[in-house]
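Q: Just dropping this structure here.
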Amino acid sequence: MNHIKRGAPIRPVPAGSYLLGDAFDEGYPFDGEGPQRHVELAEFDIDETPVTNAQFSVFADETGYVTDAERYGDSAVFHLAVSAPRDGVLGAAAGAPWWLRVRGADWKHPGGELSDLSDLADHPVVHVSWTDAAAYASWAGRALPTEAQWEAAARGGLVAARYAWGDELTPDDRWMCNIWQGRFPTANTREDGWLATSPVRTYPANGLGIYDVAGNVWEWCADAFTPTPPEPPGSRPLPIVHEERRVTRGGSYLCHDSYCNRYRVAARTGNTPDSTTGNCGFRTVSAL
């Protein structure tokens with residue numbers, strides 16, 4: 001299966017030495033964004049945008065693939081984006097009550113069983129696990145990006161910049177990505193125009209012509225998430241997470257500097273490979 005022939009534009013990323021990591025010491029200690037380091041990469045290409053609902057539907061229709069969320073029968077939906085009967089809300093996440101477990105939520109029903117993909121063909125696919133994303137990539141003859149590939153591409157030719165477009169979040173008072181505005185998690189002013197996902201290419205591309213590397217949806221990477229943050233003198237040791245996790249990059253429409261300043265290009269986090277949420281998708285790169 002040839003990904004290029006399926007209407008998914010790609011962008012080349014040249015070979016070279018890339019400086020990765022947090023240049024501003026703004027990362028969360030748990031995330032292990034530093035230290036900065038140079039990484040040598042061979043040339044590769046990357047999807048111009050996250051995989052869209054339209055693109056994922058071709059894969060699902062052709063293969064009959066059933067996603068993890070479809071098999072589970074429920075997935076995590078942000079509380080203001082739920083579209084389901086009251087009895088379809090099965091509970092809230094511990095420690096993050098804005099995430100609700102919703103029956104019938106999956107990639108075809110992003111808000112729950114009362115939602116569908118009407119007007120969402122060009123939005124990023126969501127409610128896909130790492131396993132689902134890897135299955136799509138394999139079908140397309142491609143791969144999930146390594147974390148280094150993802151960050152090198154996301155930087156768009158800039159060196160040690162805070163964001164994919166520079167160091168200011170809103171240059172000339174212009175929103176450059178789909179993130180939260182207002183008081184999280186109850187009042188989104190939608191200054192950028194969106195509560196949840198936005199169509200790909202809504203915001204400007206970076207210097208390599210790559211879209212949506214900040215906000216909109218988190219993107220799965222190939223790597224295991226193994227942060228090794230330094231411990232400040234006199235600090236209490238950080239807890240070690242022993243469950244398997246995979247890296248996600250880029251932040252999402254729910255990121256806000258009051259609690260999740262992870263739309264910075266160096267930002268990273270991880271999730272278990274079977275996790276599915278309404279704010280996580282993926283893109284692919286050329287296979288080795």
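Following the order of the structure tokens, first chain is A, next is B, and so on, with residues numbered from 1 inside each chain and ligands from 1 in the order they appear.
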Enumerate the residues of stretch 98-260 of chain A with a DSSP assignment of strand (DSSP E), computed from the backbone, and present them as a ChimeraX atom specification.
A: /A:98-103,142-143,182-183,187-188,218-224,246-249
Q: Residues at most 12 Å from A:Phe56, counting only C-alpha atoms, excluding those fewer than 3 positions away in the same chain, as a short mmCIF file (atom, residue, chain, number, x, y, z; two decimals) with all heavy atoms, in the first residue's frame?
A:
data_model
loop_
_atom_site.label_atom_id
_atom_site.label_comp_id
_atom_site.auth_asym_id
_atom_site.auth_seq_id
_atom_site.Cartn_x
_atom_site.Cartn_y
_atom_site.Cartn_z
N HIS A 3 1.32 5.01 0.66
CA HIS A 3 0.73 6.14 1.38
C HIS A 3 0.63 7.37 0.49
O HIS A 3 -0.36 8.09 0.52
CB HIS A 3 1.61 6.45 2.59
CG HIS A 3 1.05 7.43 3.56
ND1 HIS A 3 -0.09 7.19 4.27
CD2 HIS A 3 1.48 8.65 3.95
CE1 HIS A 3 -0.33 8.21 5.07
NE2 HIS A 3 0.60 9.12 4.90
N ARG A 6 -2.37 7.80 -1.66
CA ARG A 6 -3.66 7.89 -0.98
C ARG A 6 -3.97 9.31 -0.54
O ARG A 6 -4.68 9.53 0.42
CB ARG A 6 -3.70 6.90 0.19
CG ARG A 6 -3.56 5.48 -0.30
CD ARG A 6 -3.82 4.45 0.76
NE ARG A 6 -3.74 3.13 0.17
CZ ARG A 6 -4.72 2.53 -0.47
NH1 ARG A 6 -5.88 3.14 -0.60
NH2 ARG A 6 -4.56 1.34 -1.00
N GLY A 7 -3.39 10.28 -1.22
CA GLY A 7 -3.75 11.67 -0.97
C GLY A 7 -3.19 12.24 0.30
O GLY A 7 -3.78 13.15 0.89
N ALA A 8 -2.06 11.75 0.76
CA ALA A 8 -1.44 12.25 1.97
C ALA A 8 -0.13 12.94 1.60
O ALA A 8 0.90 12.29 1.47
CB ALA A 8 -1.18 11.10 2.95
N PRO A 50 -1.27 15.77 10.43
CA PRO A 50 -1.70 14.53 11.07
C PRO A 50 -2.64 13.76 10.14
O PRO A 50 -3.29 14.34 9.27
CB PRO A 50 -2.45 15.02 12.32
CG PRO A 50 -1.99 16.41 12.53
CD PRO A 50 -1.66 16.97 11.19
N VAL A 51 -2.70 12.47 10.32
CA VAL A 51 -3.63 11.64 9.55
C VAL A 51 -5.05 12.09 9.84
O VAL A 51 -5.44 12.26 11.00
CB VAL A 51 -3.44 10.15 9.89
CG1 VAL A 51 -4.52 9.29 9.24
CG2 VAL A 51 -2.05 9.69 9.45
N THR A 52 -5.82 12.31 8.80
CA THR A 52 -7.18 12.82 8.95
C THR A 52 -8.21 11.70 9.03
O THR A 52 -7.92 10.53 8.73
CB THR A 52 -7.55 13.73 7.77
OG1 THR A 52 -7.56 12.93 6.58
CG2 THR A 52 -6.56 14.88 7.61
N ASN A 53 -9.42 12.07 9.39
CA ASN A 53 -10.52 11.09 9.40
C ASN A 53 -10.73 10.50 8.02
O ASN A 53 -10.99 9.30 7.88
CB ASN A 53 -11.80 11.77 9.88
CG ASN A 53 -11.80 12.05 11.36
OD1 ASN A 53 -11.49 11.18 12.17
ND2 ASN A 53 -12.14 13.27 11.75
N PHE A 59 -8.22 3.40 5.18
CA PHE A 59 -7.57 2.26 5.83
C PHE A 59 -8.59 1.33 6.47
O PHE A 59 -8.58 0.11 6.26
CB PHE A 59 -6.59 2.80 6.88
CG PHE A 59 -6.19 1.83 7.95
CD1 PHE A 59 -5.47 0.69 7.65
CD2 PHE A 59 -6.50 2.09 9.29
CE1 PHE A 59 -5.08 -0.20 8.65
CE2 PHE A 59 -6.12 1.22 10.29
CZ PHE A 59 -5.41 0.06 9.97
N ALA A 60 -9.52 1.87 7.24
CA ALA A 60 -10.50 1.05 7.94
C ALA A 60 -11.42 0.33 6.96
O ALA A 60 -11.74 -0.86 7.14
CB ALA A 60 -11.31 1.91 8.91
N ASP A 61 -11.85 1.03 5.91
CA ASP A 61 -12.74 0.42 4.93
C ASP A 61 -12.05 -0.69 4.16
O ASP A 61 -12.64 -1.74 3.88
CB ASP A 61 -13.25 1.48 3.95
CG ASP A 61 -14.23 2.46 4.58
OD1 ASP A 61 -14.72 2.16 5.69
OD2 ASP A 61 -14.48 3.51 3.98
N GLU A 62 -10.79 -0.46 3.82
CA GLU A 62 -10.07 -1.43 2.99
C GLU A 62 -9.66 -2.67 3.77
O GLU A 62 -9.63 -3.78 3.23
CB GLU A 62 -8.85 -0.77 2.37
CG GLU A 62 -8.13 -1.64 1.34
CD GLU A 62 -7.16 -0.84 0.51
OE1 GLU A 62 -7.57 0.17 -0.08
OE2 GLU A 62 -5.97 -1.26 0.43
N THR A 63 -9.34 -2.51 5.04
CA THR A 63 -8.82 -3.62 5.83
C THR A 63 -9.83 -4.21 6.80
O THR A 63 -9.61 -5.32 7.30
CB THR A 63 -7.60 -3.16 6.64
OG1 THR A 63 -8.02 -2.17 7.59
CG2 THR A 63 -6.52 -2.58 5.73
N GLY A 64 -10.91 -3.48 7.10
CA GLY A 64 -11.83 -3.92 8.13
C GLY A 64 -11.26 -3.79 9.53
O GLY A 64 -11.78 -4.41 10.47
N TYR A 65 -10.24 -2.98 9.66
CA TYR A 65 -9.57 -2.83 10.96
C TYR A 65 -10.54 -2.28 12.01
O TYR A 65 -11.29 -1.35 11.76
CB TYR A 65 -8.37 -1.89 10.83
CG TYR A 65 -7.56 -1.77 12.09
CD1 TYR A 65 -6.58 -2.70 12.40
CD2 TYR A 65 -7.77 -0.73 12.99
CE1 TYR A 65 -5.83 -2.61 13.56
CE2 TYR A 65 -7.03 -0.62 14.16
CZ TYR A 65 -6.06 -1.57 14.44
OH TYR A 65 -5.32 -1.47 15.59
N VAL A 66 -10.48 -2.85 13.21
CA VAL A 66 -11.27 -2.41 14.35
C VAL A 66 -10.32 -1.82 15.38
O VAL A 66 -9.40 -2.50 15.85
CB VAL A 66 -12.08 -3.57 14.96
CG1 VAL A 66 -12.86 -3.10 16.19
CG2 VAL A 66 -13.02 -4.17 13.92
N THR A 67 -10.51 -0.56 15.72
CA THR A 67 -9.62 0.11 16.65
C THR A 67 -9.82 -0.37 18.08
O THR A 67 -10.85 -0.98 18.41
CB THR A 67 -9.83 1.63 16.61
OG1 THR A 67 -11.17 1.92 17.03
CG2 THR A 67 -9.59 2.19 15.21
N TRP A 107 -13.20 6.61 16.87
CA TRP A 107 -12.76 7.54 15.82
C TRP A 107 -13.91 8.00 14.95
O TRP A 107 -13.91 9.13 14.45
CB TRP A 107 -11.64 6.91 14.99
CG TRP A 107 -12.06 5.84 14.01
CD1 TRP A 107 -12.20 4.51 14.27
CD2 TRP A 107 -12.37 6.02 12.64
NE1 TRP A 107 -12.59 3.84 13.13
CE2 TRP A 107 -12.69 4.75 12.11
CE3 TRP A 107 -12.41 7.12 11.79
CZ2 TRP A 107 -13.06 4.55 10.78
CZ3 TRP A 107 -12.78 6.93 10.46
CH2 TRP A 107 -13.09 5.66 9.97
N LYS A 108 -14.94 7.17 14.79
CA LYS A 108 -16.10 7.54 13.98
C LYS A 108 -17.13 8.34 14.77
O LYS A 108 -18.02 8.96 14.18
CB LYS A 108 -16.76 6.28 13.41
CG LYS A 108 -15.93 5.59 12.34
CD LYS A 108 -16.63 4.39 11.76
CE LYS A 108 -16.67 3.23 12.72
NZ LYS A 108 -17.16 1.97 12.09
N LEU A 117 -18.90 11.90 11.96
CA LEU A 117 -17.81 12.62 11.30
C LEU A 117 -18.31 13.68 10.32
O LEU A 117 -17.54 14.15 9.48
CB LEU A 117 -16.90 11.63 10.57
CG LEU A 117 -16.14 10.65 11.46
CD1 LEU A 117 -15.24 9.74 10.63
CD2 LEU A 117 -15.31 11.38 12.52
N LEU A 120 -16.14 16.68 9.52
CA LEU A 120 -14.86 16.42 10.19
C LEU A 120 -13.88 15.63 9.32
O LEU A 120 -12.86 15.15 9.82
CB LEU A 120 -15.09 15.66 11.50
CG LEU A 120 -15.91 16.35 12.59
CD1 LEU A 120 -16.07 15.44 13.79
CD2 LEU A 120 -15.28 17.67 12.99
N ALA A 121 -14.15 15.51 8.03
CA ALA A 121 -13.28 14.71 7.17
C ALA A 121 -11.85 15.19 7.19
O ALA A 121 -10.90 14.38 7.14
CB ALA A 121 -13.82 14.70 5.74
N ASP A 122 -11.65 16.52 7.27
CA ASP A 122 -10.30 17.06 7.24
C ASP A 122 -9.77 17.41 8.63
O ASP A 122 -8.78 18.12 8.76
CB ASP A 122 -10.23 18.28 6.33
CG ASP A 122 -11.18 19.41 6.76
OD1 ASP A 122 -12.04 19.16 7.62
OD2 ASP A 122 -11.06 20.52 6.20
N HIS A 123 -10.40 16.88 9.66
CA HIS A 123 -9.88 17.01 11.02
C HIS A 123 -8.99 15.80 11.31
O HIS A 123 -9.16 14.73 10.71
CB HIS A 123 -11.01 17.03 12.04
CG HIS A 123 -11.78 18.31 12.06
ND1 HIS A 123 -12.00 19.03 13.22
CD2 HIS A 123 -12.39 19.01 11.07
CE1 HIS A 123 -12.70 20.11 12.94
NE2 HIS A 123 -12.96 20.12 11.65
N PRO A 124 -8.05 15.92 12.25
CA PRO A 124 -7.23 14.76 12.60
C PRO A 124 -8.08 13.64 13.19
O PRO A 124 -9.02 13.90 13.95
CB PRO A 124 -6.26 15.31 13.66
CG PRO A 124 -6.31 16.79 13.50
CD PRO A 124 -7.67 17.13 13.01
N VAL A 125 -7.76 12.42 12.84
CA VAL A 125 -8.42 11.28 13.48
C VAL A 125 -7.99 11.25 14.94
O VAL A 125 -6.84 11.55 15.28
CB VAL A 125 -8.06 9.95 12.75
CG1 VAL A 125 -6.59 9.59 12.89
CG2 VAL A 125 -8.95 8.82 13.24
N VAL A 126 -8.94 10.91 15.82
CA VAL A 126 -8.66 10.80 17.25
C VAL A 126 -9.23 9.49 17.77
O VAL A 126 -9.81 8.70 17.02
CB VAL A 126 -9.23 12.01 18.04
CG1 VAL A 126 -8.49 13.28 17.68
CG2 VAL A 126 -10.73 12.17 17.80
N HIS A 127 -9.05 9.25 19.05
CA HIS A 127 -9.45 7.98 19.67
C HIS A 127 -8.72 6.81 19.02
O HIS A 127 -9.28 5.71 18.87
CB HIS A 127 -10.96 7.77 19.60
CG HIS A 127 -11.76 8.76 20.38
ND1 HIS A 127 -11.71 8.86 21.76
CD2 HIS A 127 -12.61 9.75 19.97
CE1 HIS A 127 -12.52 9.83 22.16
NE2 HIS A 127 -13.06 10.40 21.09
N VAL A 128 -7.48 7.04 18.62
CA VAL A 128 -6.64 5.96 18.10
C VAL A 128 -5.51 5.71 19.08
O VAL A 128 -4.88 6.65 19.58
CB VAL A 128 -6.07 6.28 16.70
CG1 VAL A 128 -7.15 6.16 15.65
CG2 VAL A 128 -5.43 7.66 16.66
N ASP A 132 -3.16 1.20 17.14
CA ASP A 132 -3.92 1.55 15.94
C ASP A 132 -3.07 2.36 14.97
O ASP A 132 -3.09 2.12 13.76
CB ASP A 132 -5.16 2.38 16.31
CG ASP A 132 -6.11 1.68 17.24
OD1 ASP A 132 -6.19 0.44 17.21
OD2 ASP A 132 -6.79 2.38 18.02
N ALA A 133 -2.34 3.34 15.51
CA ALA A 133 -1.50 4.18 14.66
C ALA A 133 -0.42 3.36 13.96
O ALA A 133 -0.14 3.55 12.77
CB ALA A 133 -0.87 5.30 15.50
N ALA A 135 -0.61 0.21 13.22
CA ALA A 135 -1.26 -0.63 12.21
C ALA A 135 -1.50 0.16 10.93
O ALA A 135 -1.28 -0.34 9.82
CB ALA A 135 -2.57 -1.19 12.76
N TYR A 136 -1.96 1.39 11.06
CA TYR A 136 -2.15 2.25 9.88
C TYR A 136 -0.83 2.47 9.16
O TYR A 136 -0.75 2.36 7.94
CB TYR A 136 -2.75 3.59 10.31
CG TYR A 136 -2.90 4.58 9.18
CD1 TYR A 136 -4.13 4.75 8.54
CD2 TYR A 136 -1.83 5.35 8.73
CE1 TYR A 136 -4.27 5.66 7.50
CE2 TYR A 136 -1.96 6.26 7.69
CZ TYR A 136 -3.18 6.40 7.07
OH TYR A 136 -3.31 7.30 6.04
N ALA A 137 0.21 2.81 9.92
CA ALA A 137 1.50 3.07 9.30
C ALA A 137 2.01 1.86 8.53
O ALA A 137 2.53 1.98 7.42
CB ALA A 137 2.51 3.50 10.37
N TRP A 139 0.21 -0.57 7.20
CA TRP A 139 -0.63 -0.71 6.00
C TRP A 139 -0.19 0.26 4.91
O TRP A 139 -0.17 -0.07 3.72
CB TRP A 139 -2.07 -0.46 6.39
CG TRP A 139 -3.02 -0.20 5.26
CD1 TRP A 139 -3.63 -1.15 4.47
CD2 TRP A 139 -3.50 1.07 4.80
NE1 TRP A 139 -4.45 -0.53 3.55
CE2 TRP A 139 -4.38 0.82 3.73
CE3 TRP A 139 -3.26 2.38 5.20
CZ2 TRP A 139 -5.04 1.85 3.04
CZ3 TRP A 139 -3.90 3.41 4.52
CH2 TRP A 139 -4.78 3.14 3.45
N ALA A 140 0.20 1.46 5.30
CA ALA A 140 0.60 2.49 4.35
C ALA A 140 2.04 2.32 3.86
O ALA A 140 2.50 3.11 3.03
CB ALA A 140 0.42 3.87 4.98
N GLY A 281 -3.83 11.83 18.09
CA GLY A 281 -3.78 11.24 16.76
C GLY A 281 -2.35 10.87 16.41
O GLY A 281 -1.58 10.49 17.28
N PHE A 282 -1.96 11.04 15.14
CA PHE A 282 -0.62 10.64 14.73
C PHE A 282 -0.35 11.11 13.30
O PHE A 282 -1.26 11.50 12.59
CB PHE A 282 -0.44 9.12 14.81
CG PHE A 282 -1.24 8.34 13.82
CD1 PHE A 282 -0.65 7.84 12.66
CD2 PHE A 282 -2.60 8.12 14.00
CE1 PHE A 282 -1.39 7.10 11.73
CE2 PHE A 282 -3.36 7.39 13.07
CZ PHE A 282 -2.74 6.89 11.93
N ARG A 283 0.91 11.04 12.91
CA ARG A 283 1.31 11.16 11.51
C ARG A 283 2.41 10.13 11.27
O ARG A 283 2.91 9.52 12.21
CB ARG A 283 1.75 12.58 11.15
CG ARG A 283 3.08 13.02 11.68
CD ARG A 283 3.40 14.45 11.23
NE ARG A 283 2.68 15.42 12.03
CZ ARG A 283 2.28 16.61 11.55
NH1 ARG A 283 2.53 16.96 10.30
NH2 ARG A 283 1.63 17.47 12.34
#
Q: Got a sec to tell me which of stretch 37-130 of chain A DSSP assigns to helix (DSSP H, G or I), as number ranges by chain?
A: A: 53-63, 68-72, 79-81, 86-88, 130
Q: Mind dumping the selected residues with C-alpha atoms as a short mmCIF file (atom, residue, chain, number, x, y, z; two decimals), in the first residue's frame?
A:
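Saved result, selection-v3.cif, follows:
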data_model
loop_
_atom_site.label_atom_id
_atom_site.label_comp_id
_atom_site.auth_asym_id
_atom_site.auth_seq_id
_atom_site.Cartn_x
_atom_site.Cartn_y
_atom_site.Cartn_z
CA ASN A 53 -10.52 11.09 9.40
CA ALA A 54 -10.82 10.81 5.62
CA GLN A 55 -7.43 9.12 5.34
CA PHE A 56 -8.05 6.78 8.25
CA SER A 57 -11.43 5.79 6.83
CA VAL A 58 -9.73 4.49 3.67
CA PHE A 59 -7.57 2.26 5.83
CA ALA A 60 -10.50 1.05 7.94
CA ASP A 61 -12.74 0.42 4.93
CA GLU A 62 -10.07 -1.43 2.99
CA THR A 63 -8.82 -3.62 5.83
CA ASP A 68 -8.96 -0.44 20.32
CA ALA A 69 -11.66 2.07 21.30
CA GLU A 70 -14.20 0.21 19.16
CA ARG A 71 -13.24 -3.06 20.82
CA TYR A 72 -13.36 -1.57 24.33
CA HIS A 79 -16.35 16.95 29.23
CA LEU A 80 -17.38 19.91 27.05
CA ALA A 81 -17.15 17.82 23.88
CA ARG A 86 -26.51 10.83 30.05
CA ASP A 87 -26.27 7.11 30.76
CA GLY A 88 -23.47 6.89 28.19
CA TRP A 130 -0.48 3.66 19.58
#
Q: Interatomic distance between atom CA of A:Met176 and atom CA of A:Asp22?
A: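 Separation between atom CA of A:Met176 and atom CA of A:Asp22: 19.8 Å.
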Q: Counting only C-alpha atoms, which residue out of A:Pro145, A:Ala92, A:Leu100, A:Ala214 sits closest to A:His256?
A: A:Ala214
Q: For each of A:Val200, A:Ala152, A:Ala143, A:Cys255, take the minimum atom-to-atom distance to A:Ala222, counting only C-alpha atoms, then give the residue where this is smallest.
A: A:Ala143
Q: What are the nearest atom pairs, with distances in Å to one decimal, for all residues of stretch 148-245 of chain A that come at most 10 Å from stretch 270-273 of chain A, using only C-alpha atoms, set out by chain and rising residue number as CSV?
A:
residue,atom,partner,partner_atom,distance
A:Trp218,CA,A:Gly270,CA,9.8
A:Trp220,CA,A:Gly270,CA,8.5
A:Cys221,CA,A:Gly270,CA,9.3
A:Asp223,CA,A:Gly270,CA,9.5
A:Ala224,CA,A:Gly270,CA,8.1
A:Phe225,CA,A:Gly270,CA,5.5
A:Thr226,CA,A:Gly270,CA,8.6
A:Pro227,CA,A:Gly270,CA,9.3
A:Glu243,CA,A:Thr272,CA,7.4
A:Glu244,CA,A:Thr272,CA,5.9
A:Arg245,CA,A:Thr272,CA,4.2
Q: Once you have the residues from the selection above, write them out as a PDB file, in the first residue's frame, restricted to C-alpha atoms.
A:
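Output file result.pdb is given in full below:
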ATOM      1  CA  TRP A 218      -1.095  14.944  20.418  1.00  0.00           C
ATOM      2  CA  TRP A 220       2.099   9.189  18.797  1.00  0.00           C
ATOM      3  CA  CYS A 221       5.795   8.490  18.198  1.00  0.00           C
ATOM      4  CA  ASP A 223       9.679   5.469  21.001  1.00  0.00           C
ATOM      5  CA  ALA A 224       9.075   4.228  24.495  1.00  0.00           C
ATOM      6  CA  PHE A 225       8.651   7.083  26.979  1.00  0.00           C
ATOM      7  CA  THR A 226      11.567   6.874  29.402  1.00  0.00           C
ATOM      8  CA  PRO A 227      12.178  10.294  30.984  1.00  0.00           C
ATOM      9  CA  GLU A 243       4.078   0.816  33.153  1.00  0.00           C
ATOM     10  CA  GLU A 244       4.919   0.783  29.472  1.00  0.00           C
ATOM     11  CA  ARG A 245       4.312   4.136  27.791  1.00  0.00           C
TER      12      ARG A 245
END
Q: Can you pull out every residue within 8 Å of stretch 249-254 of chain A, counting only C-alpha atoms, but drop anything in the same chain fewer than 5 positions away, and send it as a list in words?
A: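 The neighbour list is Glu147, Trp150, Asn178, Ile179, Trp180, Leu195, Ala196, Thr197, Val213, Ala214, Gly215, Asn216, Val217, Trp218, Glu219, Trp220, Cys221, Arg262, Tyr263, Arg264, Val265, Ala267, Arg268, Thr269, Asn279 and Cys280 of chain A.
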Q: Restricting the calculation to only C-alpha atoms, which member of A:Ser83, A:Asn261, A:Thr248, A:Thr277 is positioned closest to A:Tyr28?
A: A:Asn261
Q: Any idea what's packed within 12 Å of A:Pro97, counting only C-alpha atoms, ignoring anything in its chain fewer than 5 positions away? Could you give it as a list in words?
A: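 Final neighbour list, sorted by chain and number: Ala76, Val77, Phe78, His79, Leu80, Gly91, Ala92, Phe184, Pro185 and Thr186 of chain A.
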Q: I need the residue nearest A:Gln36 from this list: A:Trp194, A:Tyr18, A:Trp175, A:Trp165. Use only C-alpha atoms for the distance.
A: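 Among A:Trp194, A:Tyr18, A:Trp175, A:Trp165, it is A:Tyr18 that comes nearest to A:Gln36.
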Q: What's around A:Ser75 at 9 Å? Count only C-alpha atoms, leave out sequence neighbours fewer than 6 positions away in its own chain, and write the answer as a ChimeraX atom specification.
A: /A:69,100-106,110,112,127,275-278
Q: Atom CA of A:Ala164 and atom CA of A:Asp45, how far apart in Å?
A: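 Between atom CA of A:Asp45 and atom CA of A:Ala164 the gap is 17.5 Å.
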Q: Determine the nearest neighbour of A:Leu41 from the options A:Ala84, A:Ala187, A:Leu208, A:Leu288, counting only C-alpha atoms.
A: A:Leu288
